[in-house]
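Everything below concerns the one structure shown next.
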Amino acid sequence: MATREHLEKWVAYAKQHGSIIFFDAAYEAFITDPAIPHSIYEIPGARDCAIEFRSFSKNAGFTGTRCALTVVPKGLKGKAADGSEVEIWPLWNRRQSTKFNGVSYIVQRGAEAVYSAEGQAQTKALISFYMENAKIIREQLTSVGLEVHGGINAPYVWLKTPDNLSSWDFFDKLLVNCNVVGTPGSGFGAAGEGYFRISAFNSRDNVNEAMARITAKFKQ
Amino acid sequence: MARINDNYLKLKAGYLFPEIARRVNAFAEQNPGAPIIRLGIGDVTEPLPQACRDAMVKAVGDMGDRAAFKGYGPEQGYLWLREAIAKQDFQARGCEIDASEIFISDGSKCDCGNILDIFGHDNAIAVTDPVYPVYVDTNVMAGNTGDINDRASMAAWSTCRSPQTTASQPLSPPPRLT
């Protein structure tokens, strides 16, 4: 989870090197710590060096309904082959106008409702529900001595695989012994090897049942 | 014979989530009735908020009314949605973002890949590690990397390691191809 200080370093770096940051804020709604920015644009200067991606998938349950957004600030620039500076916004506008015909009217009305008073209350309740799941997962895994990260300000809990198992070996063991499916950390890159990700996105019953099976195995 | 995009042949054996599905399906076939609980892909399980469902039902009604019917919409998204987003997601947090700078799409995954359309192929690219595999695979598909198995040809591919306990930090400038 990137703090304000981390993001300030990234923005300073991007401005120094003429880089553009692609900031994926799909999970911003799960942030509860007021010190953690929800948007890269909370950092001064980010308008000149960042594009932000957001989604309605996780805050409002739109994974099957499909709606997201991308922010391309006007004035953000890149370099052309002839060395001239070119604005990015018109390029993305042209790209979308040529290759994309927009999201359905019905879905956009559904997304708009997220911003109504009822929509805000209902999405907050959804997020709290998943974050309570994350808390249960953290507590249960910790109770059997596993090293656990995340699950705070984010709906995923990462555990260090026990006995130095590889991520995929742990995946197979968990599937066979507990019938629980997670995600091997190594699938996210070499630095994820030896870690395993458990998602808080499920019903309370399923989360409780999965944790009961896992903790029972570790108590044996 | 028609030429294919050879960059697709550089992709690692399987995208992470299809590989998980393959292993789970194989297990389920051998163990029919096993009570499998999925805490993997990160798909939501709880129903859509009532406010969203009501709004969509009403919108379906609009489509049945000649006066309210909508054909092709703006490619960037309807202004009423872009304005709500700009105001409540950004301006309310002190971010100077205008509705005209917001582009509505059908998913962040699509946008993360599509954005590469408007950038050159000779940029130095840094990704955090571990990371959402889509960021890496879309760059491979676009021809922005060398052979993914050949470290020497990955000069343009800089990785910022980030242990789960701390957020990623910018490193020294990534190497340039030229």
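Simple scheme: letters A, B, ... for chains in structure tokens order, numbers from 1 for residues in each chain, numbers from 1 for ligands in the order shown.
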Tell me as a PDB file with N, CA and C atoms, in the first residue's frame which residues belonging to chain B come within 6 Å of chain A, counting only C-alpha atoms.
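Contents of result.pdb, freshly written:
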ATOM      1  N   LEU B  16      -1.912 -16.417 -15.506  1.00  0.00           N
ATOM      2  CA  LEU B  16      -2.065 -16.966 -14.152  1.00  0.00           C
ATOM      3  C   LEU B  16      -3.451 -17.555 -13.877  1.00  0.00           C
ATOM      4  N   ILE B  36     -15.390 -27.321  -3.100  1.00  0.00           N
ATOM      5  CA  ILE B  36     -14.320 -26.354  -3.368  1.00  0.00           C
ATOM      6  C   ILE B  36     -14.779 -24.928  -3.049  1.00  0.00           C
ATOM      7  N   ILE B  37     -13.947 -24.209  -2.300  1.00  0.00           N
ATOM      8  CA  ILE B  37     -14.206 -22.787  -2.018  1.00  0.00           C
ATOM      9  C   ILE B  37     -13.142 -21.964  -2.739  1.00  0.00           C
ATOM     10  N   ARG B  38     -13.587 -21.002  -3.538  1.00  0.00           N
ATOM     11  CA  ARG B  38     -12.666 -20.218  -4.362  1.00  0.00           C
ATOM     12  C   ARG B  38     -12.356 -18.871  -3.723  1.00  0.00           C
ATOM     13  N   LEU B  39     -11.115 -18.723  -3.289  1.00  0.00           N
ATOM     14  CA  LEU B  39     -10.651 -17.438  -2.744  1.00  0.00           C
ATOM     15  C   LEU B  39      -9.457 -16.979  -3.586  1.00  0.00           C
ATOM     16  N   GLY B  40      -9.565 -17.249  -4.886  1.00  0.00           N
ATOM     17  CA  GLY B  40      -8.440 -16.984  -5.775  1.00  0.00           C
ATOM     18  C   GLY B  40      -8.563 -15.711  -6.569  1.00  0.00           C
ATOM     19  N   GLY B  42     -10.470 -13.245  -7.061  1.00  0.00           N
ATOM     20  CA  GLY B  42     -10.871 -11.926  -6.576  1.00  0.00           C
ATOM     21  C   GLY B  42     -12.123 -11.417  -7.248  1.00  0.00           C
ATOM     22  N   VAL B  44     -16.092 -10.675  -7.137  1.00  0.00           N
ATOM     23  CA  VAL B  44     -17.027 -10.364  -6.056  1.00  0.00           C
ATOM     24  C   VAL B  44     -18.152 -11.400  -6.024  1.00  0.00           C
ATOM     25  N   THR B  45     -18.802 -11.516  -4.874  1.00  0.00           N
ATOM     26  CA  THR B  45     -19.865 -12.515  -4.717  1.00  0.00           C
ATOM     27  C   THR B  45     -21.189 -11.897  -4.294  1.00  0.00           C
ATOM     28  N   LEU B  48     -25.380  -6.772  -6.613  1.00  0.00           N
ATOM     29  CA  LEU B  48     -25.231  -5.350  -6.944  1.00  0.00           C
ATOM     30  C   LEU B  48     -26.053  -4.507  -5.973  1.00  0.00           C
ATOM     31  N   PRO B  49     -25.566  -3.322  -5.612  1.00  0.00           N
ATOM     32  CA  PRO B  49     -26.347  -2.428  -4.748  1.00  0.00           C
ATOM     33  C   PRO B  49     -27.724  -2.146  -5.356  1.00  0.00           C
ATOM     34  N   ALA B  51     -29.443   0.529  -5.379  1.00  0.00           N
ATOM     35  CA  ALA B  51     -29.493   1.797  -6.127  1.00  0.00           C
ATOM     36  C   ALA B  51     -29.062   1.587  -7.576  1.00  0.00           C
ATOM     37  N   CYS B  52     -28.046   0.754  -7.788  1.00  0.00           N
ATOM     38  CA  CYS B  52     -27.542   0.491  -9.145  1.00  0.00           C
ATOM     39  C   CYS B  52     -28.567  -0.312  -9.934  1.00  0.00           C
ATOM     40  N   ALA B  55     -31.502   1.891 -10.901  1.00  0.00           N
ATOM     41  CA  ALA B  55     -31.141   2.828 -11.976  1.00  0.00           C
ATOM     42  C   ALA B  55     -31.089   2.105 -13.321  1.00  0.00           C
ATOM     43  N   MET B  56     -30.603   0.876 -13.312  1.00  0.00           N
ATOM     44  CA  MET B  56     -30.511   0.135 -14.580  1.00  0.00           C
ATOM     45  C   MET B  56     -31.890  -0.301 -15.074  1.00  0.00           C
ATOM     46  N   ALA B  59     -33.312   2.617 -16.635  1.00  0.00           N
ATOM     47  CA  ALA B  59     -32.651   2.874 -17.915  1.00  0.00           C
ATOM     48  C   ALA B  59     -33.186   1.939 -19.000  1.00  0.00           C
ATOM     49  N   GLU B  75     -18.284   8.275 -27.136  1.00  0.00           N
ATOM     50  CA  GLU B  75     -17.236   7.263 -26.903  1.00  0.00           C
ATOM     51  C   GLU B  75     -16.571   7.464 -25.549  1.00  0.00           C
ATOM     52  N   GLY B  77     -18.031   8.438 -22.827  1.00  0.00           N
ATOM     53  CA  GLY B  77     -18.973   8.231 -21.734  1.00  0.00           C
ATOM     54  C   GLY B  77     -19.912   9.422 -21.626  1.00  0.00           C
ATOM     55  N   LEU B  81     -22.277  11.089 -16.035  1.00  0.00           N
ATOM     56  CA  LEU B  81     -21.475  10.149 -15.242  1.00  0.00           C
ATOM     57  C   LEU B  81     -20.075  10.722 -15.003  1.00  0.00           C
ATOM     58  N   CYS B  95      -8.466  17.015  -5.745  1.00  0.00           N
ATOM     59  CA  CYS B  95      -7.751  16.764  -6.999  1.00  0.00           C
ATOM     60  C   CYS B  95      -8.382  17.607  -8.106  1.00  0.00           C
ATOM     61  N   GLU B 101     -11.664  15.093 -18.593  1.00  0.00           N
ATOM     62  CA  GLU B 101     -10.433  14.288 -18.513  1.00  0.00           C
ATOM     63  C   GLU B 101     -10.729  12.840 -18.136  1.00  0.00           C
ATOM     64  N   ILE B 102     -12.018  12.529 -17.957  1.00  0.00           N
ATOM     65  CA  ILE B 102     -12.418  11.182 -17.555  1.00  0.00           C
ATOM     66  C   ILE B 102     -13.005  10.431 -18.751  1.00  0.00           C
ATOM     67  N   PHE B 103     -12.505   9.236 -18.991  1.00  0.00           N
ATOM     68  CA  PHE B 103     -12.979   8.394 -20.092  1.00  0.00           C
ATOM     69  C   PHE B 103     -13.603   7.121 -19.495  1.00  0.00           C
ATOM     70  N   ILE B 104     -14.884   6.909 -19.788  1.00  0.00           N
ATOM     71  CA  ILE B 104     -15.578   5.725 -19.264  1.00  0.00           C
ATOM     72  C   ILE B 104     -15.292   4.530 -20.184  1.00  0.00           C
ATOM     73  N   SER B 105     -15.072   3.380 -19.576  1.00  0.00           N
ATOM     74  CA  SER B 105     -14.807   2.189 -20.391  1.00  0.00           C
ATOM     75  C   SER B 105     -15.469   0.977 -19.753  1.00  0.00           C
ATOM     76  N   ASP B 106     -15.288  -0.168 -20.390  1.00  0.00           N
ATOM     77  CA  ASP B 106     -15.910  -1.383 -19.863  1.00  0.00           C
ATOM     78  C   ASP B 106     -14.971  -2.171 -18.956  1.00  0.00           C
ATOM     79  N   GLY B 107     -13.840  -1.603 -18.589  1.00  0.00           N
ATOM     80  CA  GLY B 107     -12.992  -2.297 -17.626  1.00  0.00           C
ATOM     81  C   GLY B 107     -11.596  -1.719 -17.545  1.00  0.00           C
ATOM     82  N   SER B 108     -11.001  -1.797 -16.360  1.00  0.00           N
ATOM     83  CA  SER B 108      -9.628  -1.314 -16.184  1.00  0.00           C
ATOM     84  C   SER B 108      -8.631  -2.211 -16.891  1.00  0.00           C
ATOM     85  N   ASP B 129       6.994  -5.652  -8.604  1.00  0.00           N
ATOM     86  CA  ASP B 129       6.986  -7.115  -8.522  1.00  0.00           C
ATOM     87  C   ASP B 129       6.789  -7.470  -7.051  1.00  0.00           C
ATOM     88  N   PRO B 130       5.733  -8.207  -6.693  1.00  0.00           N
ATOM     89  CA  PRO B 130       4.724  -8.842  -7.549  1.00  0.00           C
ATOM     90  C   PRO B 130       3.730  -7.826  -8.117  1.00  0.00           C
ATOM     91  N   VAL B 131       3.073  -8.213  -9.220  1.00  0.00           N
ATOM     92  CA  VAL B 131       2.196  -7.283  -9.914  1.00  0.00           C
ATOM     93  C   VAL B 131       1.096  -8.038 -10.670  1.00  0.00           C
ATOM     94  N   TYR B 132       0.030  -7.301 -10.960  1.00  0.00           N
ATOM     95  CA  TYR B 132      -1.073  -7.814 -11.791  1.00  0.00           C
ATOM     96  C   TYR B 132      -0.490  -8.260 -13.146  1.00  0.00           C
ATOM     97  N   PRO B 133      -0.610  -9.529 -13.515  1.00  0.00           N
ATOM     98  CA  PRO B 133       0.080 -10.039 -14.710  1.00  0.00           C
ATOM     99  C   PRO B 133      -0.312  -9.326 -16.005  1.00  0.00           C
ATOM    100  N   ALA B 167       5.581  -0.723   0.536  1.00  0.00           N
ATOM    101  CA  ALA B 167       5.211  -0.295  -0.814  1.00  0.00           C
ATOM    102  C   ALA B 167       6.466  -0.165  -1.666  1.00  0.00           C
ATOM    103  N   PRO B 170      10.700   3.974  -6.022  1.00  0.00           N
ATOM    104  CA  PRO B 170      11.364   4.190  -7.301  1.00  0.00           C
ATOM    105  C   PRO B 170      12.841   3.839  -7.188  1.00  0.00           C
TER     106      PRO B 170
END
| field | Non-local contacts of B:Asn139 (12 Å; only C-alpha atoms; under 2 positions in same chain excluded) as a VMD selection string | value | chain B and resid 7 to 8 10 to 11 112 to 117 119 to 127 133 to 137 141 to 148 154 156 to 157
| So which residues of stretch 39-142 of chain A fall under strand (DSSP E) by DSSP, listed as JSON, numbers by chain? | {"A": [50, 51, 52, 53, 54, 55, 68, 69, 70, 71, 77, 78, 79, 85, 86, 87]}
I need the chosen residues saved as a PDB file, in the first residue's frame, with N, CA, C and O atoms.
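Generated output (part.pdb):
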ATOM      1  N   ALA A  50       0.954  11.589 -14.676  1.00  0.00           N
ATOM      2  CA  ALA A  50       0.255  10.348 -14.311  1.00  0.00           C
ATOM      3  C   ALA A  50      -1.086  10.183 -15.011  1.00  0.00           C
ATOM      4  O   ALA A  50      -1.810  11.152 -15.250  1.00  0.00           O
ATOM      5  N   ILE A  51      -1.369   8.921 -15.335  1.00  0.00           N
ATOM      6  CA  ILE A  51      -2.670   8.484 -15.848  1.00  0.00           C
ATOM      7  C   ILE A  51      -3.230   7.544 -14.780  1.00  0.00           C
ATOM      8  O   ILE A  51      -2.486   6.720 -14.247  1.00  0.00           O
ATOM      9  N   GLU A  52      -4.509   7.724 -14.431  1.00  0.00           N
ATOM     10  CA  GLU A  52      -5.074   6.880 -13.363  1.00  0.00           C
ATOM     11  C   GLU A  52      -6.198   5.994 -13.910  1.00  0.00           C
ATOM     12  O   GLU A  52      -7.038   6.447 -14.680  1.00  0.00           O
ATOM     13  N   PHE A  53      -6.200   4.740 -13.478  1.00  0.00           N
ATOM     14  CA  PHE A  53      -7.244   3.787 -13.851  1.00  0.00           C
ATOM     15  C   PHE A  53      -8.114   3.486 -12.637  1.00  0.00           C
ATOM     16  O   PHE A  53      -7.600   3.268 -11.543  1.00  0.00           O
ATOM     17  N   ARG A  54      -9.427   3.465 -12.852  1.00  0.00           N
ATOM     18  CA  ARG A  54     -10.352   3.130 -11.763  1.00  0.00           C
ATOM     19  C   ARG A  54     -11.426   2.209 -12.279  1.00  0.00           C
ATOM     20  O   ARG A  54     -11.648   2.118 -13.489  1.00  0.00           O
ATOM     21  N   SER A  55     -12.135   1.585 -11.362  1.00  0.00           N
ATOM     22  CA  SER A  55     -13.107   0.578 -11.760  1.00  0.00           C
ATOM     23  C   SER A  55     -14.296   0.565 -10.814  1.00  0.00           C
ATOM     24  O   SER A  55     -14.161   0.941  -9.649  1.00  0.00           O
ATOM     25  N   ALA A  68     -15.715   1.043 -15.904  1.00  0.00           N
ATOM     26  CA  ALA A  68     -14.468   1.546 -15.333  1.00  0.00           C
ATOM     27  C   ALA A  68     -14.209   2.928 -15.906  1.00  0.00           C
ATOM     28  O   ALA A  68     -15.018   3.430 -16.696  1.00  0.00           O
ATOM     29  N   LEU A  69     -13.106   3.519 -15.490  1.00  0.00           N
ATOM     30  CA  LEU A  69     -12.763   4.824 -16.050  1.00  0.00           C
ATOM     31  C   LEU A  69     -11.261   5.036 -16.017  1.00  0.00           C
ATOM     32  O   LEU A  69     -10.553   4.435 -15.205  1.00  0.00           O
ATOM     33  N   THR A  70     -10.806   5.858 -16.943  1.00  0.00           N
ATOM     34  CA  THR A  70      -9.401   6.223 -16.994  1.00  0.00           C
ATOM     35  C   THR A  70      -9.320   7.743 -17.020  1.00  0.00           C
ATOM     36  O   THR A  70     -10.118   8.391 -17.704  1.00  0.00           O
ATOM     37  N   VAL A  71      -8.393   8.288 -16.235  1.00  0.00           N
ATOM     38  CA  VAL A  71      -8.205   9.743 -16.187  1.00  0.00           C
ATOM     39  C   VAL A  71      -6.932  10.098 -16.952  1.00  0.00           C
ATOM     40  O   VAL A  71      -5.850   9.612 -16.622  1.00  0.00           O
ATOM     41  N   LYS A  77       2.082  15.388 -21.257  1.00  0.00           N
ATOM     42  CA  LYS A  77       2.746  15.324 -22.564  1.00  0.00           C
ATOM     43  C   LYS A  77       3.720  14.158 -22.696  1.00  0.00           C
ATOM     44  O   LYS A  77       4.258  13.670 -21.708  1.00  0.00           O
ATOM     45  N   GLY A  78       3.926  13.747 -23.941  1.00  0.00           N
ATOM     46  CA  GLY A  78       4.952  12.777 -24.287  1.00  0.00           C
ATOM     47  C   GLY A  78       5.770  13.336 -25.434  1.00  0.00           C
ATOM     48  O   GLY A  78       5.489  14.427 -25.924  1.00  0.00           O
ATOM     49  N   LYS A  79       6.768  12.559 -25.883  1.00  0.00           N
ATOM     50  CA  LYS A  79       7.664  13.048 -26.923  1.00  0.00           C
ATOM     51  C   LYS A  79       7.429  12.298 -28.230  1.00  0.00           C
ATOM     52  O   LYS A  79       7.321  11.075 -28.235  1.00  0.00           O
ATOM     53  N   GLU A  85       7.118  17.945 -28.264  1.00  0.00           N
ATOM     54  CA  GLU A  85       6.264  17.504 -27.161  1.00  0.00           C
ATOM     55  C   GLU A  85       4.817  17.467 -27.642  1.00  0.00           C
ATOM     56  O   GLU A  85       4.345  18.410 -28.277  1.00  0.00           O
ATOM     57  N   VAL A  86       4.133  16.364 -27.319  1.00  0.00           N
ATOM     58  CA  VAL A  86       2.775  16.154 -27.815  1.00  0.00           C
ATOM     59  C   VAL A  86       1.854  15.857 -26.638  1.00  0.00           C
ATOM     60  O   VAL A  86       2.223  15.092 -25.738  1.00  0.00           O
ATOM     61  N   GLU A  87       0.663  16.448 -26.648  1.00  0.00           N
ATOM     62  CA  GLU A  87      -0.307  16.167 -25.590  1.00  0.00           C
ATOM     63  C   GLU A  87      -0.852  14.752 -25.734  1.00  0.00           C
ATOM     64  O   GLU A  87      -1.155  14.294 -26.838  1.00  0.00           O
TER      65      GLU A  87
END
| message | Can you measure atom CA of A:Thr32 to atom CA of A:Asn153 for me? One decimal in Å is fine. | response |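 For atom CA of A:Thr32 relative to atom CA of A:Asn153, the distance reads 5.5 Å.
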| task | Grab the atom CA of B:Pro18 to atom CA of A:Asn133 distance for me, in Å with one decimal place. | result | 25.0 Å
| DSSP helix (DSSP H, G or I) selection over stretch 9-123 of chain B, as a PyMOL selection string | chain B and resi 9-10+16-30+50-63+79-93+99-101+108-118
